[in-house]
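These notes are about the structure you will find just below.
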Amino acid sequence: MTEREIVLPGELIEEKKGRKVGSGTFFEGEKVFAKVLGIPRVDENEINVIPLSGVYIPNVGDKIVGVIETVEISGWMVDINSPYTGFLPLSEGVSGFVDSHKADLSRYYDIGDIVFCRISRVTKSKTTQVSMREIGYGRDEEFRKLFGGIVVKVTPSKIPRIIGKGGSMITLIKNKTKCDITAGQNGFVWIRGEDKAKAIEAILTIEKESHTIGLTEKIEKMLGE
Amino acid sequence: MKKSDIKLISNGKRIDGRDLDELRPIEMKVDVIDRANGSAKVRFGDTEAICSVFGPRVLFPKYLQESETGILRCRYNMAPFSVDDRKSPAPDRRSVELSKVIRLCLQPALFLEDFPKVTIDVYIEVLQADGSTRVTGINAASVALADAGVPMKDLVTSCSVGKIDGKLIVDLCGKEDNYGEADMAVAMMPNRKKITLLQMDGILTKEEIMELMDLAVKSCEKIYEKQKKVLKEKYKRVSE
Amino acid sequence: MIGNYALELIQKDKRIDERKFDDFRKIEIKQGIIKNAEGSAQVKLGNTEVMVGVKMNAGNPFSDTPDEGTLMVGAELTPLASPDFESGPPGEDAVELARVVDRGLRESKCIDLKKLCIEEGEKVWCVFVDIHIINHQGNLLDAAALGAIAALLDAKIPKIEKDEIKRGDYEGPLPVNFKPVNVTVCKVGDKFLIDPALEEEGIIDTKLSISARDDDKICSLQKQGSKELDVKDLEKMIDMAMKKSKEIRKMLK
């Protein structure tokens, strides 16, 4: 599967031929068109276009980094880097019984706290709910409050490149800068460590040049030693 | 200077030396405003317009929100120094009409139903005016929308056509607009071949209108190539 | 919702009020109804009602046309006409309506502005056409444009004595050379219809307003609506409008 030249919205990509019409595309009859400015990814099962820019629109299942915006009566509003705010209900944020009449919810998550969570529900009007509850068993996916550190905002569609194949790129950055890094699919990247600046520079470079060839070598060189 | 004194065509050439079906030199730049989600600057000869796109973003006041679809807001404005006689900064009736007309010209290209409750804001400023300002603004707006990663069915490409000294021409400059017999602005989705803006004032027969429409479609194809080029060039595949 | 009902009917080639697709509702034109205006008209398309008044003042010409009178068209979507109209300065719909009617009148050269010169470079007649929407039941633009030309046909130039305008005393009628008529052709799916009633306005995909004058020349085009138009549709819509404008013009005196 080769990477192709970028396409404009409205440009014809290919005929459907029984494949799934994936994200970043739309179809009319048998013809599949690009929906956004991006890079087509076509294989025998799916036709997608990976956008080169664009705001984050929540999808169920996305693992994201959020920032607590407000403390409500039965939960919290979370900034998920989207025009849509996420709501974290009490029951999805804290295990065990909490009497919401007596408890001050800011004990659990306060304004400004950074969390790693997942998008659990998105309604037709895009009202969004997030959850800290696990659904699988992977340790990597431990949803939790992220202490310390800062959040950097990048274009959401660049996150896969920042993470890299099997996590190779993000692991490279973590090792070379000795930082803790969690990249949310929503474009928020949490970084904690002494050498934050170096990690941030690498991440922003990947964001800017994600479409270029030879990026991995360039990042390796940048992180040096 | 009286209208009757101007001769717009001499020896088959227009006052700026162009052929009847020749566009002015076109320059386009993308991503010119850092804090916008997308932006573009377009020049047709001496007419220059710049456009910023913000969004999809939160829409206030809340009563404007539509639960099933996003909305598009558009502002077309001419800078006071863009014209000969300083234009007052207050929005005038022409800018109000053009803001509406441009909004309705971009809307068919968007998937607003993908973004309930939010807004996409398009701001067009004409920095220098020498005819065909709305057309220049629309070309900038659609490049800016694509640059912002806004989902679109197609770009929107726009051009002006008209009649001067009895002849049909493309891409009217200021004098041709003021002293000519008719001026028609057309915008279309180039791949789908559908019209999203059509305005004409002047005197034309039905046949002339159909001929001008043909000229407009051909010119839009040329302009679309420029829009394509500027967007694809931003993302060169080879690392520096 | 009634809009959807109108759509269902249209898809079956019928309309809510049982009109044909290229029929206007009943058109009523009354001229000379406002005593204090130099010219006036009331137009009804079915229940849509507009009043248009023409006032004339003596004023300065524009610097690039020192020997020509001026024409200004204003429109108000008066709040009493519809719960959707708000009071305040004209919004984008009122501005667009006024400007499209203006272009139809101006580009058709229905008034010879050169005949409105009182003293070259110093004083000319300024013609003000003000459109007031009284009852909104659809197709305001066509009603307004019809009212405007009807009011101009009714208008008379006041006498000027010793630099004073003597209102009520007239030099003669305002010379009107052409009668531009605006017809808006609407597209719903693959069907074309004319003079949308209010219930039909909400389901129209796209509209094209065409202003034609007596010699079949077209003076203005304005596409409206939020959906796209096929190049192929253009000729058909212009033909429909031109045919209709000829019929309506016969009603203008």
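In the structure tokens, chains take the letters A, B, ... in the order shown, each chain's residues start at 1, and ligands count up from 1 in the order shown.
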- Message: Could you list, as a list of chain:residue names, every residue within 12 Å of B:Lys218, counting only C-alpha atoms and ignoring same-chain residues fewer than 6 positions away?
- Response: B:Asp21, B:Glu22, B:Leu23, B:Thr157, B:Ser158, B:Cys159, B:Ser160, B:Val161, B:Val170, B:Asp171, B:Val186, B:Ala187, B:Met188, B:Pro190, B:Lys193, B:Glu211, B:Leu212, B:Tyr224, B:Glu225
Return as JSON lines the residues of chain B lying at most 9 Å from chain A, together with the closest atom-to-atom pair for each and the distance in Å to one decimal, counting only C-alpha atoms, with rows in chain order and ascending residue number.
```
{"residue": "B:Asn37", "atom": "CA", "partner": "A:Gly54", "partner_atom": "CA", "distance": 7.4}
{"residue": "B:Gly38", "atom": "CA", "partner": "A:Ser53", "partner_atom": "CA", "distance": 8.8}
{"residue": "B:Gly55", "atom": "CA", "partner": "A:Val55", "partner_atom": "CA", "distance": 7.3}
{"residue": "B:Pro56", "atom": "CA", "partner": "A:Pro83", "partner_atom": "CA", "distance": 6.7}
{"residue": "B:Arg57", "atom": "CA", "partner": "A:Pro83", "partner_atom": "CA", "distance": 4.8}
{"residue": "B:Val58", "atom": "CA", "partner": "A:Pro83", "partner_atom": "CA", "distance": 4.9}
{"residue": "B:Leu59", "atom": "CA", "partner": "A:Pro83", "partner_atom": "CA", "distance": 8.4}
{"residue": "B:Ser67", "atom": "CA", "partner": "A:Ser125", "partner_atom": "CA", "distance": 5.8}
{"residue": "B:Glu68", "atom": "CA", "partner": "A:Ser125", "partner_atom": "CA", "distance": 6.2}
{"residue": "B:Thr69", "atom": "CA", "partner": "A:Ser125", "partner_atom": "CA", "distance": 8.3}
{"residue": "B:Phe111", "atom": "CA", "partner": "A:Lys35", "partner_atom": "CA", "distance": 9.0}
{"residue": "B:Phe115", "atom": "CA", "partner": "A:Lys126", "partner_atom": "CA", "distance": 7.8}
{"residue": "B:Pro116", "atom": "CA", "partner": "A:Ser125", "partner_atom": "CA", "distance": 5.6}
{"residue": "B:Lys117", "atom": "CA", "partner": "A:Ser125", "partner_atom": "CA", "distance": 7.3}
{"residue": "B:Val118", "atom": "CA", "partner": "A:Pro83", "partner_atom": "CA", "distance": 6.8}
{"residue": "B:Thr119", "atom": "CA", "partner": "A:Pro83", "partner_atom": "CA", "distance": 9.0}
{"residue": "B:Ala146", "atom": "CA", "partner": "A:Leu37", "partner_atom": "CA", "distance": 5.9}
{"residue": "B:Asp147", "atom": "CA", "partner": "A:Leu37", "partner_atom": "CA", "distance": 7.0}
{"residue": "B:Ala148", "atom": "CA", "partner": "A:Gly54", "partner_atom": "CA", "distance": 5.6}
{"residue": "B:Gly149", "atom": "CA", "partner": "A:Gly54", "partner_atom": "CA", "distance": 4.1}
{"residue": "B:Val150", "atom": "CA", "partner": "A:Gly54", "partner_atom": "CA", "distance": 6.2}
{"residue": "B:Pro151", "atom": "CA", "partner": "A:Val36", "partner_atom": "CA", "distance": 4.8}
{"residue": "B:Met152", "atom": "CA", "partner": "A:Lys35", "partner_atom": "CA", "distance": 5.3}
{"residue": "B:Lys153", "atom": "CA", "partner": "A:Gly10", "partner_atom": "CA", "distance": 5.0}
{"residue": "B:Asp154", "atom": "CA", "partner": "A:Gly10", "partner_atom": "CA", "distance": 3.8}
{"residue": "B:Leu155", "atom": "CA", "partner": "A:Pro9", "partner_atom": "CA", "distance": 6.5}
{"residue": "B:Met189", "atom": "CA", "partner": "A:Gly10", "partner_atom": "CA", "distance": 8.6}
{"residue": "B:Pro190", "atom": "CA", "partner": "A:Gly10", "partner_atom": "CA", "distance": 8.7}
{"residue": "B:Asn191", "atom": "CA", "partner": "A:Gly10", "partner_atom": "CA", "distance": 6.6}
{"residue": "B:Arg192", "atom": "CA", "partner": "A:Gly10", "partner_atom": "CA", "distance": 8.0}
{"residue": "B:Lys228", "atom": "CA", "partner": "A:Leu8", "partner_atom": "CA", "distance": 7.1}
{"residue": "B:Leu231", "atom": "CA", "partner": "A:Leu8", "partner_atom": "CA", "distance": 7.9}
{"residue": "B:Lys232", "atom": "CA", "partner": "A:Ile6", "partner_atom": "CA", "distance": 6.4}
{"residue": "B:Tyr235", "atom": "CA", "partner": "A:His211", "partner_atom": "CA", "distance": 6.9}
{"residue": "B:Lys236", "atom": "CA", "partner": "A:Thr212", "partner_atom": "CA", "distance": 7.0}
{"residue": "B:Arg237", "atom": "CA", "partner": "A:Thr212", "partner_atom": "CA", "distance": 4.5}
{"residue": "B:Val238", "atom": "CA", "partner": "A:Thr212", "partner_atom": "CA", "distance": 5.2}
{"residue": "B:Ser239", "atom": "CA", "partner": "A:Thr212", "partner_atom": "CA", "distance": 5.1}
{"residue": "B:Glu240", "atom": "CA", "partner": "A:Thr212", "partner_atom": "CA", "distance": 8.7}
```
- Check stretch 85-247 of chain C with DSSP on the backbone and list each residue it calls alpha helix (DSSP H), as a count of residues only. 52
- Message: as JSON, numbers by chain, please: the residues near C:Pro175 (cut-off 12 Å, only C-alpha atoms, same-chain neighbours under 2 positions excluded).
- Response: {"C": [109, 110, 111, 112, 113, 114, 115, 116, 149, 152, 153, 154, 155, 156, 157, 171, 172, 173, 177, 178, 179]}
- Message: Select, as a ChimeraX atom specification, those residues of chain B with any atom no more than 10 Å from chain C (distances computed using only C-alpha atoms).
- Response: /B:1-3,92-101,103-109,181-189,192-210,213-214,217
Can you spit out the residues from that selection as a short mmCIF file (atom, residue, chain, number, x, y, z; two decimals), in the first residue's frame, using C-alpha atoms?
```
data_model
loop_
_atom_site.label_atom_id
_atom_site.label_comp_id
_atom_site.auth_asym_id
_atom_site.auth_seq_id
_atom_site.Cartn_x
_atom_site.Cartn_y
_atom_site.Cartn_z
CA MET B 1 -14.47 61.72 -16.30
CA LYS B 2 -17.68 60.99 -18.11
CA LYS B 3 -18.67 57.44 -18.88
CA ASP B 92 -22.37 49.27 3.78
CA ARG B 93 -25.34 47.77 1.94
CA ARG B 94 -23.18 46.22 -0.73
CA SER B 95 -21.02 44.42 1.83
CA VAL B 96 -24.13 43.22 3.63
CA GLU B 97 -25.57 41.78 0.42
CA LEU B 98 -22.28 40.23 -0.63
CA SER B 99 -21.77 38.67 2.79
CA LYS B 100 -25.09 36.90 2.36
CA VAL B 101 -24.51 35.95 -1.25
CA ARG B 103 -22.26 32.58 2.40
CA LEU B 104 -24.91 30.95 0.20
CA CYS B 105 -22.28 30.33 -2.46
CA LEU B 106 -19.96 28.42 -0.12
CA GLN B 107 -22.67 26.56 1.78
CA PRO B 108 -23.53 23.98 -0.89
CA ALA B 109 -19.93 22.79 -0.80
CA GLU B 181 -22.43 47.15 -20.49
CA ALA B 182 -22.79 44.12 -18.24
CA ASP B 183 -21.03 42.35 -15.42
CA MET B 184 -21.75 38.78 -14.33
CA ALA B 185 -20.21 37.00 -11.35
CA VAL B 186 -20.23 33.20 -11.35
CA ALA B 187 -19.07 30.69 -8.76
CA MET B 188 -19.12 26.95 -9.17
CA MET B 189 -18.00 23.66 -7.73
CA ARG B 192 -19.33 18.74 -9.96
CA LYS B 193 -19.98 21.48 -12.51
CA LYS B 194 -22.68 23.12 -10.40
CA ILE B 195 -23.27 26.84 -9.97
CA THR B 196 -23.37 28.25 -6.46
CA LEU B 197 -23.33 31.97 -7.24
CA LEU B 198 -24.83 33.83 -10.17
CA GLN B 199 -25.32 37.56 -10.24
CA MET B 200 -25.62 39.82 -13.23
CA ASP B 201 -26.33 43.46 -13.77
CA GLY B 202 -26.36 45.20 -17.11
CA ILE B 203 -28.14 44.54 -20.37
CA LEU B 204 -27.74 41.16 -22.03
CA THR B 205 -29.74 38.91 -24.30
CA LYS B 206 -30.44 35.37 -23.19
CA GLU B 207 -27.96 34.10 -25.80
CA GLU B 208 -25.22 36.37 -24.48
CA ILE B 209 -25.86 35.07 -20.97
CA MET B 210 -25.47 31.47 -22.12
CA MET B 213 -21.73 31.11 -18.82
CA ASP B 214 -19.59 29.00 -21.15
CA VAL B 217 -16.95 27.66 -16.85
#
```
- What does the distance from atom CA of C:Glu38 to atom CA of C:Val52 come to in Å, to one decimal?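 Interatomic distance here is 11.0 Å.
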- Take atom CA of A:Gln185 and atom CA of A:Val60 and report the distance between them in Å, one decimal.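 Rounded to one decimal, the two atoms are 11.4 Å apart.
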- DSSP strand (DSSP E) selection over stretch 20-242 of chain C, as a ChimeraX atom specification: /C:27-31,39-45,48-59,70-76,117-119,123-135,156-161,164-173,181-188,191-194,206-212,218-224,229-230
- Query: What lies within 9 Å of B:Gln128 using only C-alpha atoms, ignoring chain neighbours under 3 positions off, as a VMD selection string?
  - Reply: chain B and resid 46 to 49 78 to 79 81 to 83 133
- Query: Near C:Ala41, within 9 Å and counting only C-alpha atoms, which residues show up once chain neighbours fewer than 4 positions away are dropped, as a list in words?
  - Reply: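 Near C:Ala41, the qualifying residues are Ile29, Lys30, Gln31, Gly32, Ile33, Ile34, Val50, Met51, Val52, Gly53, Val54, Gly147, Ala148, Ile149, Ala150, Ala151, Leu152 and Asp154 of chain C.
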Generate the output file for the selected residues, N, CA and C atoms, as a PDB file, in the first residue's frame.
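Once everything was written out, this is part_31.pdb:
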```pdb
ATOM      1  N   ILE C  29     -52.741  45.335  -8.796  1.00  0.00           N
ATOM      2  CA  ILE C  29     -51.885  46.523  -8.764  1.00  0.00           C
ATOM      3  C   ILE C  29     -52.777  47.746  -8.643  1.00  0.00           C
ATOM      4  N   LYS C  30     -52.528  48.551  -7.608  1.00  0.00           N
ATOM      5  CA  LYS C  30     -53.272  49.821  -7.475  1.00  0.00           C
ATOM      6  C   LYS C  30     -52.259  50.942  -7.420  1.00  0.00           C
ATOM      7  N   GLN C  31     -52.462  51.972  -8.234  1.00  0.00           N
ATOM      8  CA  GLN C  31     -51.495  53.073  -8.207  1.00  0.00           C
ATOM      9  C   GLN C  31     -52.121  54.329  -7.608  1.00  0.00           C
ATOM     10  N   GLY C  32     -51.280  55.263  -7.229  1.00  0.00           N
ATOM     11  CA  GLY C  32     -51.730  56.571  -6.762  1.00  0.00           C
ATOM     12  C   GLY C  32     -52.504  56.534  -5.459  1.00  0.00           C
ATOM     13  N   ILE C  33     -52.122  55.653  -4.559  1.00  0.00           N
ATOM     14  CA  ILE C  33     -52.899  55.525  -3.333  1.00  0.00           C
ATOM     15  C   ILE C  33     -52.347  56.332  -2.174  1.00  0.00           C
ATOM     16  N   ILE C  34     -51.091  56.789  -2.258  1.00  0.00           N
ATOM     17  CA  ILE C  34     -50.506  57.559  -1.159  1.00  0.00           C
ATOM     18  C   ILE C  34     -50.445  59.015  -1.592  1.00  0.00           C
ATOM     19  N   VAL C  50     -47.290  44.439  -0.786  1.00  0.00           N
ATOM     20  CA  VAL C  50     -46.242  45.444  -0.591  1.00  0.00           C
ATOM     21  C   VAL C  50     -46.793  46.807  -1.001  1.00  0.00           C
ATOM     22  N   MET C  51     -46.248  47.846  -0.337  1.00  0.00           N
ATOM     23  CA  MET C  51     -46.587  49.222  -0.723  1.00  0.00           C
ATOM     24  C   MET C  51     -45.280  49.894  -1.111  1.00  0.00           C
ATOM     25  N   VAL C  52     -45.302  50.601  -2.214  1.00  0.00           N
ATOM     26  CA  VAL C  52     -44.084  51.288  -2.637  1.00  0.00           C
ATOM     27  C   VAL C  52     -44.405  52.752  -2.848  1.00  0.00           C
ATOM     28  N   GLY C  53     -43.572  53.614  -2.304  1.00  0.00           N
ATOM     29  CA  GLY C  53     -43.747  55.049  -2.485  1.00  0.00           C
ATOM     30  C   GLY C  53     -42.551  55.647  -3.180  1.00  0.00           C
ATOM     31  N   VAL C  54     -42.809  56.591  -4.080  1.00  0.00           N
ATOM     32  CA  VAL C  54     -41.726  57.322  -4.741  1.00  0.00           C
ATOM     33  C   VAL C  54     -41.748  58.750  -4.237  1.00  0.00           C
ATOM     34  N   GLY C 147     -44.082  46.387  -7.579  1.00  0.00           N
ATOM     35  CA  GLY C 147     -44.529  47.609  -6.929  1.00  0.00           C
ATOM     36  C   GLY C 147     -43.654  48.791  -7.284  1.00  0.00           C
ATOM     37  N   ALA C 148     -42.364  48.548  -7.393  1.00  0.00           N
ATOM     38  CA  ALA C 148     -41.433  49.638  -7.682  1.00  0.00           C
ATOM     39  C   ALA C 148     -41.688  50.219  -9.059  1.00  0.00           C
ATOM     40  N   ILE C 149     -41.815  49.376 -10.061  1.00  0.00           N
ATOM     41  CA  ILE C 149     -42.023  49.909 -11.409  1.00  0.00           C
ATOM     42  C   ILE C 149     -43.429  50.518 -11.527  1.00  0.00           C
ATOM     43  N   ALA C 150     -44.400  49.931 -10.838  1.00  0.00           N
ATOM     44  CA  ALA C 150     -45.753  50.503 -10.853  1.00  0.00           C
ATOM     45  C   ALA C 150     -45.753  51.883 -10.218  1.00  0.00           C
ATOM     46  N   ALA C 151     -45.015  52.046  -9.128  1.00  0.00           N
ATOM     47  CA  ALA C 151     -44.955  53.343  -8.457  1.00  0.00           C
ATOM     48  C   ALA C 151     -44.241  54.372  -9.328  1.00  0.00           C
ATOM     49  N   LEU C 152     -43.192  53.936 -10.027  1.00  0.00           N
ATOM     50  CA  LEU C 152     -42.480  54.867 -10.909  1.00  0.00           C
ATOM     51  C   LEU C 152     -43.375  55.298 -12.067  1.00  0.00           C
ATOM     52  N   ASP C 154     -46.441  55.692 -11.893  1.00  0.00           N
ATOM     53  CA  ASP C 154     -47.422  56.597 -11.321  1.00  0.00           C
ATOM     54  C   ASP C 154     -46.825  57.952 -10.964  1.00  0.00           C
TER      55      ASP C 154
END
```
- Query: Of the residues B:Ile102, B:Cys74, B:Leu215, B:Leu8, which is the one nearest to B:Arg134, using only C-alpha atoms?
  - Reply: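 Using only C-alpha atoms, the shortest distance to B:Arg134 belongs to B:Ile102.
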- Using only C-alpha atoms, which residues sit within 8 Å of stretch 142-148 of chain A once same-chain residues fewer than 2 positions away are excluded, as JSON, numbers by chain? {"A": [113, 114, 115, 116, 117, 118, 132, 133, 134, 138, 139, 140, 150, 190, 192]}
- Message: At a cut-off of 7 Å, using only C-alpha atoms, what residues contact C:Leu77? Leave out same-chain residues fewer than 2 positions from it and give the result as a ChimeraX atom specification.
- Response: /C:75,79,85,94,132-133
Keeping N, CA and C atoms for every residue in the selection just given, could you write it to a file as a tab-separated table (two decimals), in the first residue's frame?
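Once everything was written out, this is again_4.tsv:
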```
chain	number	residue	atom	x	y	z
C	75	ALA	N	-35.66	49.21	1.09
C	75	ALA	CA	-36.73	48.26	1.39
C	75	ALA	C	-36.76	48.00	2.88
C	79	PRO	N	-41.71	44.85	10.60
C	79	PRO	CA	-41.98	43.82	11.61
C	79	PRO	C	-43.44	43.37	11.66
C	85	PHE	N	-39.77	38.99	11.08
C	85	PHE	CA	-39.09	40.26	10.81
C	85	PHE	C	-38.90	41.02	12.12
C	94	ALA	N	-33.39	42.31	3.74
C	94	ALA	CA	-33.96	43.57	3.25
C	94	ALA	C	-32.98	44.27	2.32
C	132	HIS	N	-42.13	48.92	1.17
C	132	HIS	CA	-42.57	48.54	2.51
C	132	HIS	C	-43.33	47.22	2.40
C	133	ILE	N	-42.81	46.18	3.01
C	133	ILE	CA	-43.53	44.91	2.95
C	133	ILE	C	-44.64	44.98	4.00
```
